[in-house]
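Only one structure is covered here, and it is reproduced in the block below.
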Amino acid sequence: MNALAWAAVALGCAATFDDLRRRQVANWINLAGVAAGLGWHAWNGGAAGLARSAAGAAVGFLVFLVFYVAGGMGAGDIKLMAAFGALLGSSGILLAALFAAPAGGLMAATWLAWKRGARDIPYAIPYAPAITLGAWLALMGRG
């Protein structure tokens, strides 16, 4: 595993832990992911690598923005997608989003079934685990 993969593992673990514990992803976690992605790609690909990483961050931010605007997703999740986008690039983050969507749906259905009948069901279901799974699967698919 290279440093980029280790950064994705660290980002995913930190974001998932924070989201499960506090129901939000701290800004410092997402900023560290963006910085790692931009730095890695700039170091290894120069200006072109930096541009690809920045494009990935923008695509990652925009891909789930509609869900945030509609109130179905938190800002930390959108920023987490941007951080993974900086690591994976624009095509990689689109693949991650495709993997994260069904994973998130399955996690939400499982969560609701497990809490069935409970009066204390939180409104927000942690989505960072699904985003992380999607990003890791996309990273593995890159070879």
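By order in the structure tokens, chains are A, B, ...; within a chain, residues start at 1; ligands start at 1, following the order shown.
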
Review point. Got a sec: who's within 6 Å of range 32-49 of chain A, counting only C-alpha atoms, leaving out chain neighbours fewer than 4 positions off, as JSON, numbers by chain?
Key: {"A": [28, 53, 83, 86, 87]}

Expected file: the selected residues, C-alpha atoms, as a short mmCIF file (atom, residue, chain, number, x, y, z; two decimals), in the first residue's frame:
```cif
data_model
loop_
_atom_site.label_atom_id
_atom_site.label_comp_id
_atom_site.auth_asym_id
_atom_site.auth_seq_id
_atom_site.Cartn_x
_atom_site.Cartn_y
_atom_site.Cartn_z
CA TRP A 28 -10.07 19.11 10.81
CA SER A 53 -6.81 16.42 -7.14
CA ALA A 83 -11.63 15.04 0.98
CA ALA A 86 -8.89 15.07 -3.43
CA LEU A 87 -7.38 11.65 -2.77
#
```

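The protein and nucleic acid residues lying at most 9 Å from range 7-16 of chain A are Asn2, Ala3, Leu20, Arg21, Gln24, Val25, Ala26, Ile29, Asn30, Ala32, Gly33, Ala36, Gly37, Leu80, Ala83, Phe84, Leu87, Leu88, Pro126, Tyr127, Ala128, Pro129, Ala130, Ile131, Thr132, Leu133, Ala135, Trp136 and Leu139 of chain A, with only C-alpha atoms considered and sequence neighbours fewer than 4 positions away removed.
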
Point to revise | Between CA of Leu62 in chain A and CA of Asn27 in chain A, distance in Å (one decimal) | key: 17.2 Å

Review point. If we count only C-alpha atoms, what is near Ala57 in chain A at a cut-off of 6 Å, once residues fewer than 3 positions away on the same chain are taken out, given as an MDAnalysis selection string?
Key: chainID A and resid 54 60 82 85:86

Hey, can you spit out that residue selection with C-alpha atoms as a PDB file, in the first residue's frame?
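Result written to result_9.pdb:
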```pdb
ATOM      1  CA  ALA A  54      -8.560  19.799  -6.935  1.00  0.00           C
ATOM      2  CA  GLY A  60     -16.737  15.102  -4.488  1.00  0.00           C
ATOM      3  CA  ALA A  82     -14.489  16.442  -1.089  1.00  0.00           C
ATOM      4  CA  GLY A  85     -12.234  13.368  -3.986  1.00  0.00           C
ATOM      5  CA  ALA A  86      -8.887  15.068  -3.427  1.00  0.00           C
TER       6      ALA A  86
END
```

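Shortest atom-to-atom contact with Arg23 in chain A among A:Leu4, A:Leu137, A:Ala124, A:Met107: A:Ala124, counting only C-alpha atoms.
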
Exercise for review: Using DSSP on the backbone coordinates, identify the residues of range 65-142 of chain A assigned to alpha helix (DSSP H); present them as a ChimeraX atom specification.
Suggested key: /A:65-69,75-114,128-141

Point to revise | Separation of CA of Ser90 in chain A from CA of Leu31 in chain A, in Å and rounded to one decimal | key: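 Result for CA of Ser90 in chain A versus CA of Leu31 in chain A: 17.6 Å, one decimal.
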